[in-house]
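Structure data (compact mmCIF, C-alpha atoms) from run34.txt:
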```
# COMPACT_ATOMS: atom_id res chain seq x y z
CA MET H 268 -31.12 -15.71 -9.66
CA SER H 269 -27.59 -17.13 -9.62
CA ARG H 270 -25.60 -17.35 -6.38
CA ASP H 271 -23.19 -14.70 -7.70
CA THR H 272 -26.01 -12.33 -8.69
CA GLU H 273 -27.76 -12.86 -5.38
CA GLY H 274 -24.54 -12.12 -3.50
CA ARG H 275 -23.92 -8.90 -5.43
CA THR H 276 -27.48 -7.75 -4.87
CA LYS H 277 -27.03 -8.31 -1.13
CA HIS H 278 -23.78 -6.32 -1.09
CA VAL H 279 -25.26 -3.39 -3.00
CA SER H 280 -28.22 -3.38 -0.64
CA ARG H 281 -25.93 -3.29 2.42
CA ARG H 282 -23.94 -0.41 0.97
CA GLY H 283 -26.92 1.65 -0.09
CA VAL H 284 -29.05 1.21 2.97
CA LEU H 285 -26.48 1.11 5.72
CA LYS H 286 -28.61 2.96 8.21
CA THR H 287 -29.83 -0.01 10.16
CA THR H 288 -31.16 -0.37 13.63
CA GLY H 289 -28.61 -2.15 15.80
CA ALA H 290 -29.46 -5.30 17.65
CA MET H 291 -28.45 -6.36 21.10
CA LEU H 292 -24.74 -7.00 21.50
CA GLY H 293 -23.62 -10.59 21.88
CA THR H 294 -22.81 -9.52 25.43
CA ALA H 295 -26.21 -8.00 26.12
CA ALA H 296 -26.19 -9.45 29.60
CA LEU H 297 -23.15 -7.31 30.34
CA SER H 298 -24.01 -4.13 28.49
CA GLY H 299 -27.78 -4.01 28.32
CA THR H 300 -29.39 -2.60 25.21
CA ALA H 301 -26.68 -1.22 22.92
CA SER H 302 -28.06 0.00 19.63
CA ALA H 303 -25.93 1.40 16.85
CA SER H 304 -27.13 2.79 13.54
CA ARG H 305 -24.95 2.71 10.44
CA ASN H 306 -25.23 5.32 7.70
CA TRP H 307 -22.79 4.70 4.89
CA GLY H 308 -24.85 6.18 2.02
CA ARG H 309 -22.16 8.23 0.25
CA GLY H 310 -22.42 8.27 -3.52
CA ARG H 311 -19.99 5.95 -5.24
CA GLY H 312 -17.23 8.01 -6.78
CA ARG H 313 -19.04 11.35 -6.33
CA ASN H 314 -16.32 13.78 -5.36
CA ASP H 315 -18.82 16.25 -3.89
CA ASP H 316 -19.59 13.56 -1.31
CA LEU H 317 -15.98 12.58 -0.67
CA ALA H 318 -15.60 11.70 3.02
CA ILE H 319 -12.50 13.02 4.75
CA THR H 320 -11.22 10.93 7.65
CA ALA H 321 -8.81 12.50 10.15
CA HIS H 322 -6.09 9.84 10.48
CA ARG H 323 -5.42 9.45 14.22
CA GLY H 324 -7.12 12.83 14.56
CA PHE H 325 -5.06 14.62 11.86
CA ARG H 326 -1.85 13.36 13.41
CA ASP H 327 0.38 15.94 11.68
CA VAL H 328 -1.68 18.77 13.14
CA TYR H 329 -2.43 17.47 16.65
CA PRO H 330 -0.82 14.96 19.04
CA GLN H 331 -2.17 11.75 17.56
CA ASN H 332 -4.93 9.68 19.14
CA THR H 333 -5.51 12.15 21.97
CA VAL H 334 -8.59 13.97 23.20
CA ALA H 335 -7.08 17.20 21.84
CA ALA H 336 -6.75 15.60 18.41
CA ILE H 337 -10.38 14.48 18.44
CA GLU H 338 -11.65 17.90 19.49
CA GLY H 339 -9.42 19.67 16.97
CA SER H 340 -10.39 17.38 14.10
CA CYS H 341 -14.05 18.02 14.81
CA ARG H 342 -13.47 21.77 14.73
CA LEU H 343 -11.66 21.44 11.40
CA GLY H 344 -14.69 19.75 9.87
CA ALA H 345 -13.58 16.13 9.54
CA ASP H 346 -16.36 13.84 8.32
CA ARG H 347 -14.79 10.88 10.11
CA ILE H 348 -11.99 10.33 12.59
CA GLU H 349 -9.82 7.22 12.66
CA ILE H 350 -8.53 6.05 16.03
CA ASP H 351 -6.52 2.98 17.07
CA VAL H 352 -7.59 0.83 19.99
CA GLU H 353 -5.54 -1.59 22.08
CA ALA H 354 -5.90 -3.45 25.35
CA THR H 355 -3.64 -2.88 28.34
CA ALA H 356 -2.35 -5.66 30.58
CA ASP H 357 -5.50 -5.44 32.70
CA GLY H 358 -7.86 -5.29 29.73
CA GLU H 359 -8.60 -1.53 29.55
CA ILE H 360 -9.43 -0.39 26.01
CA VAL H 361 -7.19 2.59 25.24
CA VAL H 362 -6.59 4.72 22.16
CA PHE H 363 -2.99 4.35 20.99
CA HIS H 364 -1.24 3.25 17.81
CA ASP H 365 2.08 1.57 18.61
CA ALA H 366 2.55 -1.76 20.32
CA ALA H 367 5.17 -0.14 22.57
CA LEU H 368 4.99 3.12 24.50
CA ASP H 369 8.62 4.03 23.88
CA ASP H 370 8.53 6.12 20.69
CA LEU H 371 5.40 8.20 21.27
CA THR H 372 5.32 8.71 25.05
CA ASP H 373 7.49 9.28 28.10
CA GLU H 374 6.91 5.71 29.28
CA GLU H 375 8.44 2.42 28.14
CA GLY H 376 7.20 -1.09 27.55
CA LEU H 377 4.48 -2.84 25.59
CA VAL H 378 0.95 -1.56 26.05
CA ALA H 379 -0.28 -5.15 26.31
CA GLU H 380 2.09 -5.79 29.23
CA THR H 381 1.58 -2.49 31.07
CA PRO H 382 -1.22 -1.80 33.57
CA SER H 383 -3.77 0.81 32.58
CA GLU H 384 -2.78 3.08 35.47
CA THR H 385 0.63 3.59 33.85
CA VAL H 386 -0.60 3.68 30.25
CA LEU H 387 -3.20 6.35 30.96
CA GLU H 388 -0.61 8.61 32.61
CA ALA H 389 1.80 8.40 29.66
CA GLU H 390 2.34 11.79 27.99
CA VAL H 391 2.06 11.74 24.19
CA LEU H 392 4.84 13.49 22.22
CA GLU H 393 5.58 15.98 25.01
CA SER H 394 2.22 17.62 24.29
CA GLY H 395 0.77 17.61 27.76
CA GLU H 396 -1.87 15.18 26.46
CA THR H 397 -2.03 11.65 27.83
CA ILE H 398 -3.25 8.39 26.33
CA PRO H 399 -7.05 8.33 26.66
CA THR H 400 -9.48 5.49 27.14
CA LEU H 401 -11.84 4.70 24.28
CA ALA H 402 -14.72 6.05 26.36
CA GLU H 403 -12.95 9.40 26.91
CA THR H 404 -12.14 9.65 23.22
CA LEU H 405 -15.71 9.04 22.07
CA ASP H 406 -17.00 11.51 24.66
CA ALA H 407 -14.82 14.18 23.02
CA ALA H 408 -16.12 13.52 19.49
CA TRP H 409 -18.98 15.48 17.97
CA PRO H 410 -21.99 13.26 17.18
CA ARG H 411 -22.03 14.32 13.52
CA VAL H 412 -18.60 12.70 13.05
CA THR H 413 -18.38 9.00 12.15
CA MET H 414 -15.70 7.23 14.16
CA ASN H 415 -13.48 4.69 12.41
CA ILE H 416 -12.36 2.45 15.27
CA GLU H 417 -9.32 0.47 14.14
CA PHE H 418 -8.78 -2.74 16.09
CA LYS H 419 -5.01 -2.69 16.55
CA ASP H 420 -3.96 -5.09 19.32
CA SER H 421 -6.12 -7.23 21.61
CA GLY H 422 -3.31 -7.61 24.16
CA PRO H 423 -4.12 -10.26 26.75
CA LEU H 424 -7.69 -10.63 25.44
CA SER H 425 -9.03 -12.82 22.69
CA TRP H 426 -10.42 -10.92 19.71
CA THR H 427 -13.91 -11.91 20.84
CA GLU H 428 -13.33 -10.51 24.34
CA PHE H 429 -11.76 -7.41 22.84
CA ALA H 430 -14.72 -6.90 20.47
CA GLU H 431 -17.20 -7.35 23.32
CA ARG H 432 -15.53 -4.70 25.46
CA THR H 433 -14.89 -2.29 22.59
CA LEU H 434 -18.37 -2.48 21.10
CA GLU H 435 -20.00 -2.16 24.50
CA ILE H 436 -18.16 1.16 24.92
CA ALA H 437 -18.74 2.26 21.32
CA SER H 438 -22.46 1.61 21.62
CA GLN H 439 -22.65 4.56 24.00
CA TYR H 440 -21.33 6.96 21.34
CA ARG H 441 -23.98 9.46 20.27
CA GLY H 442 -22.93 9.32 16.63
CA GLU H 443 -22.04 6.60 14.15
CA TYR H 444 -19.01 4.34 14.08
CA TYR H 445 -17.54 1.38 12.27
CA ALA H 446 -14.73 -1.12 12.90
CA SER H 447 -11.67 -1.55 10.72
CA SER H 448 -8.57 -3.71 11.02
CA PHE H 449 -5.62 -5.26 9.23
CA ASP H 450 -6.50 -8.53 11.01
CA PRO H 451 -9.49 -10.37 9.51
CA ASP H 452 -9.95 -12.26 12.77
CA ALA H 453 -10.65 -8.98 14.56
CA LEU H 454 -13.42 -8.18 12.08
CA ARG H 455 -14.78 -11.72 12.28
CA ALA H 456 -15.08 -11.19 16.03
CA VAL H 457 -16.98 -7.93 15.43
CA ARG H 458 -19.39 -9.73 13.14
CA ASP H 459 -19.89 -12.47 15.75
CA VAL H 460 -20.51 -10.00 18.59
CA ASP H 461 -22.74 -7.59 16.67
CA PRO H 462 -23.46 -8.22 12.97
CA ASN H 463 -25.02 -4.75 12.66
CA VAL H 464 -21.70 -2.95 13.13
CA ALA H 465 -20.16 -1.98 9.79
CA VAL H 466 -16.65 -3.31 9.09
CA ALA H 467 -13.81 -2.54 6.70
CA PRO H 468 -10.61 -4.55 6.08
CA ILE H 469 -7.42 -2.46 5.93
CA PHE H 470 -4.63 -3.56 3.61
CA GLY H 471 -1.54 -2.40 1.79
CA GLY H 472 -0.99 -5.43 -0.44
CA ASN H 473 -2.52 -8.71 -1.63
CA LYS H 474 -5.43 -6.92 -3.30
CA ASP H 475 -7.30 -10.01 -4.50
CA GLU H 476 -6.92 -11.79 -1.16
CA ASN H 477 -8.28 -8.79 0.74
CA LEU H 478 -11.18 -8.27 -1.64
CA ALA H 479 -12.05 -11.92 -1.00
CA ILE H 480 -11.90 -11.27 2.76
CA ALA H 481 -14.24 -8.32 2.28
CA ARG H 482 -16.70 -10.61 0.50
CA GLU H 483 -16.42 -13.23 3.25
CA LEU H 484 -17.17 -10.58 5.89
CA ASP H 485 -19.84 -8.90 3.76
CA ALA H 486 -17.87 -5.74 4.60
CA GLU H 487 -19.38 -2.33 3.97
CA ALA H 488 -16.06 -0.87 2.81
CA VAL H 489 -12.43 -1.60 2.06
CA ASN H 490 -9.59 0.66 3.25
CA PRO H 491 -6.56 0.13 0.96
CA SER H 492 -3.28 2.05 0.90
CA THR H 493 -2.36 4.37 -1.96
CA GLY H 494 0.28 1.80 -2.95
CA VAL H 495 -2.26 -0.91 -3.79
CA LEU H 496 -5.05 1.33 -5.09
CA ASP H 497 -5.90 1.07 -8.78
CA GLN H 498 -8.90 1.31 -11.10
CA ASP H 499 -9.60 -2.42 -10.90
CA LEU H 500 -9.78 -2.33 -7.11
CA VAL H 501 -12.17 0.62 -7.08
CA GLU H 502 -14.40 -0.86 -9.78
CA THR H 503 -14.46 -4.31 -8.17
CA ALA H 504 -15.29 -2.93 -4.73
CA HIS H 505 -18.05 -0.75 -6.14
CA GLU H 506 -19.51 -3.62 -8.15
CA ASP H 507 -19.59 -5.60 -4.90
CA GLY H 508 -21.38 -2.70 -3.20
CA ARG H 509 -18.49 -1.50 -1.04
CA ASP H 510 -17.04 1.95 -0.40
CA VAL H 511 -13.32 2.56 -0.92
CA ASN H 512 -11.44 4.69 1.62
CA VAL H 513 -7.75 5.18 0.82
CA TRP H 514 -4.84 5.94 3.20
CA THR H 515 -2.72 7.86 3.99
CA ILE H 516 -3.07 11.17 2.14
CA ASP H 517 -0.50 13.84 3.03
CA SER H 518 -0.83 16.28 0.12
CA TRP H 519 -3.13 17.35 -2.70
CA ARG H 520 -0.78 15.50 -5.06
CA GLU H 521 -1.47 12.24 -3.25
CA ALA H 522 -5.19 13.03 -3.23
CA ARG H 523 -5.50 13.61 -6.96
CA THR H 524 -5.18 10.02 -8.21
CA PRO H 525 -7.65 8.52 -5.69
CA VAL H 526 -10.10 11.31 -6.51
CA GLU H 527 -9.77 10.63 -10.24
CA LEU H 528 -10.28 6.90 -9.62
CA GLY H 529 -13.55 7.66 -7.85
CA VAL H 530 -12.84 6.60 -4.29
CA ASP H 531 -15.41 7.37 -1.60
CA GLY H 532 -13.11 8.60 1.14
CA LEU H 533 -9.63 9.90 1.90
CA ILE H 534 -7.90 9.05 5.18
CA ALA H 535 -5.56 12.00 5.72
CA ASP H 536 -2.99 13.38 8.15
CA TYR H 537 -3.93 16.97 7.30
CA PRO H 538 -7.32 18.62 6.67
CA HIS H 539 -8.46 19.91 3.28
CA MET H 540 -6.32 17.47 1.27
CA ALA H 541 -9.02 17.13 -1.38
CA SER H 542 -9.86 20.80 -1.81
CA PHE H 543 -7.39 21.36 -4.65
CA ALA H 544 -7.53 17.86 -6.13
CA THR H 545 -11.30 18.06 -6.66
CA ARG H 546 -11.16 21.42 -8.45
CA GLU H 547 -11.34 21.67 -12.21
CA SER H 548 -7.59 21.92 -12.43
CA ARG H 549 -6.87 20.42 -15.84
CA GLY H 550 -7.01 23.56 -17.93
CA ASP H 551 -10.80 23.67 -18.33
CA ARG H 552 -11.66 26.07 -15.53
CA PRO H 553 -13.75 29.07 -16.65
CA GLY H 554 -11.95 32.39 -16.66
CA ARG H 555 -8.51 30.82 -16.86
CA GLY H 556 -6.23 32.86 -19.06
CA ARG H 557 -2.85 34.42 -19.42
CA ARG H 558 -1.97 37.25 -17.15
CA GLY H 559 -0.48 40.41 -18.52
CA HIS H 560 3.04 41.39 -17.66
```

Written as structure tokens, that's how I'd like the structure from this file.
Amino acid sequence: MSRDTEGRTKHVSRRGVLKTTGAMLGTAALSGTASASRNWGRGRGRNDDLAITAHRGFRDVYPQNTVAAIEGSCRLGADRIEIDVEATADGEIVVFHDAALDDLTDEEGLVAETPSETVLEAEVLESGETIPTLAETLDAAWPRVTMNIEFKDSGPLSWTEFAERTLEIASQYRGEYYASSFDPDALRAVRDVDPNVAVAPIFGGNKDENLAIARELDAEAVNPSTGVLDQDLVETAHEDGRDVNVWTIDSWREARTPVELGVDGLIADYPHMASFATRESRGDRPGRGRRGH
């Protein structure tokens, strides 16, 4: 078997079997036994198995990245929920998207330079909801929902320290989870801390470079933007044994092309974005005819 063939076989195996028993974290002395099982197993390009991820907890329906958004997304039937994690000045892992508090909350300053006491009291978008810790967020999620934990900003921590703290908390989640990031170094840290945690690079450009990063990481999926998505990307990722989850979907129009290309998941700001796009809507639906006047 050639090195290339052997590598592809390994990737396909990882993608098809991704329900593995987790091993001890690299920080087992700190966290004790922390097992995590992965279950990726969605059919490649099968629209009936299309996974819908609530982006920041369906951010255009609920105040993003809050406990209310997690609870609401679960009620609306999301298969997965994407959340962003950052570290505060004192190393608390919180769920928030922006580097600064200014635009989304009633506080100011960089999250990485603000103590957790202040960050956790910040009100999000005048909603009455405050920025939650990662632990609070995962406690609010239903176990049937897979959590996509995006590593956003390590703050004062190294990526290794950040991964240790984040995965120790995530290991307590009753359901499944995986790590994603725009920063390959964040995902390398995840692999170093616990190789059993599934990972997915996020990117909006440099397709070939990011597919190479996915191979380096032996990633279970790639999460490209709609702007970089094309047939070649989907086919290459699938040949390598990786799922393709595309972001960010805001309408059925935006969902249609990814669905036709055979992606495995849509990362959306609203629920039900695939319900129309996956219908037989190209003139071949039974019973379709002209209405009388």

Open item on the list: Given all atoms listed in the file as the basis, pick out the residue of H:Asn477, H:Thr381, H:Thr427, H:Thr333 nearest to Thr503 of chain H.
Closed with: H:Asn477

Open item on the list: Could you tell me how far atom CA of Ala481 of chain H sits from atom CA of Gly529 of chain H, in Å to one decimal place?
Closed with: 18.9 Å

TODO: Work out how far atom CA of Thr404 of chain H is from atom CA of Asp450 of chain H, in Å to one decimal.
DONE: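 Distance reported for this atom pair: 22.6 Å.
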
Task: Between atom CA of Trp409 of chain H and atom CA of Glu521 of chain H - distance in Å to one decimal - done: 27.7 Å

Task: Residue nearest Ala345 of chain H among H:Phe363, H:Phe470, H:Phe325, H:Phe449 (counting all atoms listed in the file) - done: H:Phe325

TODO: Measuring atom to atom with all atoms listed in the file, identify which of H:Leu317, H:Met540, H:Ile337, H:Leu371 is nearest to Val511 of chain H.
DONE: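 Nearest candidate to Val511 of chain H out of H:Leu317, H:Met540, H:Ile337, H:Leu371: H:Leu317.
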
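Nearest residue to Ser438 of chain H, choosing from H:Asp365, H:Glu359, H:Glu483, H:Asp406 and counting all atoms listed in the file: H:Asp406.
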
Open item on the list: Which residues are near Glu428 of chain H? Cut-off 12 Å, all atoms listed in the file, ignore same chain within fewer than 5 positions. Put them as an MDAnalysis selection string.
Closed with: chainID H and resid 293:294 297 354 358:360 420:423 433:435 453 456:457 459:460

TODO: May I ask which of the residues H:Leu405, H:Ala544, H:Val378, H:Val526 is the closest one to Ala336 of chain H, counting only C-alpha atoms?
DONE: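 Once distances to Ala336 of chain H are computed over only C-alpha atoms, the minimum belongs to H:Leu405.
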
Task: Shell around Leu343 of chain H at 8 Å using all atoms listed in the file, local window under 3 positions removed, as number ranges by chain - done: H: 339-340, 538

Task: Residue nearest Glu417 of chain H - candidates H:Ile436, H:Ile348, H:Leu387, H:Ala356, atoms counted: all atoms listed in the file - done: H:Ile348

Task: Neighbour list for Gln331 of chain H as JSON, numbers by chain, cut-off 12 Å, all atoms listed in the file, skip fewer than 4 positions in-chain - done: {"H": [321, 322, 323, 324, 325, 326, 327, 335, 336, 337, 338, 339, 340, 348, 349, 350, 351, 362, 363, 364, 365, 371, 372, 390, 391, 392, 393, 394, 396, 397, 398, 399, 404, 536, 537]}
